[in-house]
Structure formats: structure tokens, C-alpha cells
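What follows is one structure encoded as C-alpha cells, with my remarks underneath.
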Amino acid sequence: MDANNLRSDQGAEPIMDTSDWRGQLKQESRLRIVDKITDTLKKHLPVSGPEGLNELWKIAHRFEERIFTEATSQSDYLRKTRQHIL
């Protein structure tokens, strides 16, 4: 058999792409961050009743989603969320 005809990927294990950090971040962690953002918003915005609290949570959720989407790495995501939580 001619060695030039061998494909370089024959017999190789599939390589998992670990560069996408988003798939490794647990949903529970993201929800805790949304809750912390909500707590910060409560300190700065008036809230009346459960409807107001629900609206703040929606704002926090959209904000976290934007940071999550735009972050270049998990450390970038955490840095940006900490920046806004404090």
C-alpha cells in the first residue's frame, strides 16, 4: 500500500472542540448571576410588587444574555458581570 494514499485522519479519535467555553458554563451559574444583577437593580430602581420584580428579572436576564453572547472567554464573561454587579 502506498503511504501517500493514507488519509491523516484514519483511525484518529474525533477531536472535541473545547474552545467554546459557553457550552461548559452551567445554567445554574448563569441564573445565579442573573439573580445578583437583579439584586443590584433593586438597590437602584424602585420596585412595586411582584410585577415590578419580574420586570427587573427580565432586564437582568437580557443583560446577562448580552454579556454572555459578547464575551470572548469565560474569564471575560465573569469580569464583565462582576463589573456590573458591584
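Quick note on naming: the chains in the C-alpha cells go A, B, ... in the order shown, residues restart at 1 in each chain, and ligands are numbered from 1 in order of appearance.
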
Next on the checklist: Which residues are near Leu31 in chain A? Cut-off 10 Å, only C-alpha atoms, ignore same chain within fewer than 6 positions. Put them as a list in words.
Outcome noted: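 The filter keeps Ile37, Ala60, His61 and Glu64 of chain A.
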
May I have the residues from that selection written out with N, CA and C atoms, as a tab-separated table (two decimals), in the first residue's frame?
chain	number	residue	atom	x	y	z
A	37	ILE	N	-27.51	40.29	39.51
A	37	ILE	CA	-27.78	41.51	38.75
A	37	ILE	C	-29.13	42.08	39.18
A	60	ALA	N	-32.49	41.97	33.91
A	60	ALA	CA	-31.24	41.33	34.31
A	60	ALA	C	-30.91	40.16	33.40
A	61	HIS	N	-31.93	39.38	33.05
A	61	HIS	CA	-31.73	38.22	32.18
A	61	HIS	C	-31.25	38.65	30.79
A	64	GLU	N	-27.62	39.85	31.11
A	64	GLU	CA	-26.69	38.73	31.23
A	64	GLU	C	-26.52	38.03	29.90

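Note that the spacing between CA of Glu28 in chain A and CA of Leu45 in chain A amounts to 25.2 Å.
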
So that I can see what lies close to Thr38 in chain A, please list as an mmCIF file with N, CA, C and O atoms, in the first residue's frame the residues with an atom at most 9 Å from it, counting only C-alpha atoms and leaving out residues fewer than 6 positions away in the same chain.
data_model
loop_
_atom_site.group_PDB
_atom_site.id
_atom_site.type_symbol
_atom_site.label_atom_id
_atom_site.label_comp_id
_atom_site.auth_asym_id
_atom_site.auth_seq_id
_atom_site.Cartn_x
_atom_site.Cartn_y
_atom_site.Cartn_z
ATOM 1 N N LEU A 53 -40.826 43.291 40.241
ATOM 2 C CA LEU A 53 -39.701 42.389 40.454
ATOM 3 C C LEU A 53 -39.482 41.492 39.235
ATOM 4 O O LEU A 53 -38.350 41.260 38.818
ATOM 5 N N LEU A 56 -37.743 43.529 36.593
ATOM 6 C CA LEU A 56 -36.311 43.662 36.883
ATOM 7 C C LEU A 56 -35.560 42.387 36.515
ATOM 8 O O LEU A 56 -34.463 42.437 35.970
ATOM 9 N N TRP A 57 -36.155 41.233 36.822
ATOM 10 C CA TRP A 57 -35.520 39.956 36.500
ATOM 11 C C TRP A 57 -35.371 39.802 34.983
ATOM 12 O O TRP A 57 -34.325 39.350 34.507
ATOM 13 N N LYS A 58 -36.374 40.217 34.237
ATOM 14 C CA LYS A 58 -36.295 40.142 32.770
ATOM 15 C C LYS A 58 -35.178 41.039 32.235
ATOM 16 O O LYS A 58 -34.438 40.657 31.330
ATOM 17 N N ILE A 59 -35.062 42.235 32.809
ATOM 18 C CA ILE A 59 -33.994 43.155 32.404
ATOM 19 C C ILE A 59 -32.638 42.527 32.707
ATOM 20 O O ILE A 59 -31.729 42.533 31.870
ATOM 21 N N ALA A 60 -32.495 41.970 33.909
ATOM 22 C CA ALA A 60 -31.238 41.333 34.307
ATOM 23 C C ALA A 60 -30.914 40.157 33.396
ATOM 24 O O ALA A 60 -29.763 39.956 33.006
ATOM 25 N N HIS A 61 -31.929 39.379 33.047
ATOM 26 C CA HIS A 61 -31.733 38.217 32.180
ATOM 27 C C HIS A 61 -31.255 38.649 30.793
ATOM 28 O O HIS A 61 -30.301 38.078 30.238
ATOM 29 N N ILE A 85 -22.159 43.973 38.646
ATOM 30 C CA ILE A 85 -22.832 43.529 39.865
ATOM 31 C C ILE A 85 -22.426 44.396 41.047
ATOM 32 O O ILE A 85 -23.219 44.697 41.911
#

Checklist entry - Quick one: residues within 12 Å of Ser29 in chain A, only C-alpha atoms counted, chain neighbours fewer than 5 positions away excluded, as a list of chain:residue names? => result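 My reading of the contact set: A:Arg22, A:Gln24, A:Val34, A:Asp35, A:Lys36, A:Glu64, A:Phe68, A:Gln74, A:Tyr77, A:Leu78, A:Thr81.
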
Item to check | Residue among A:Gln27, A:Asn54, A:Asp76, A:Thr69 lying closest to Lys42 in chain A, counting only C-alpha atoms | outcome: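 For Lys42 in chain A, the nearest of the candidates is A:Asn54.
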
Checklist entry - Taking into account only C-alpha atoms, which residue in the set A:Glu55, A:Val47, A:Phe63, A:Ser73 is nearest to Gly23 in chain A? => result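 Closest to Gly23 in chain A, using only C-alpha atoms: A:Ser73.
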
Checklist entry - By how many Å are CA of Glu65 in chain A and CA of Asp39 in chain A apart? => result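 Answer for the CA of Glu65 in chain A to CA of Asp39 in chain A separation: 16.6 Å.
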
Item to check | Point-to-point distance in Å for CA of His84 in chain A and CA of Arg32 in chain A | outcome: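 Interatomic distance, CA of Arg32 in chain A to CA of His84 in chain A: 13.9 Å.
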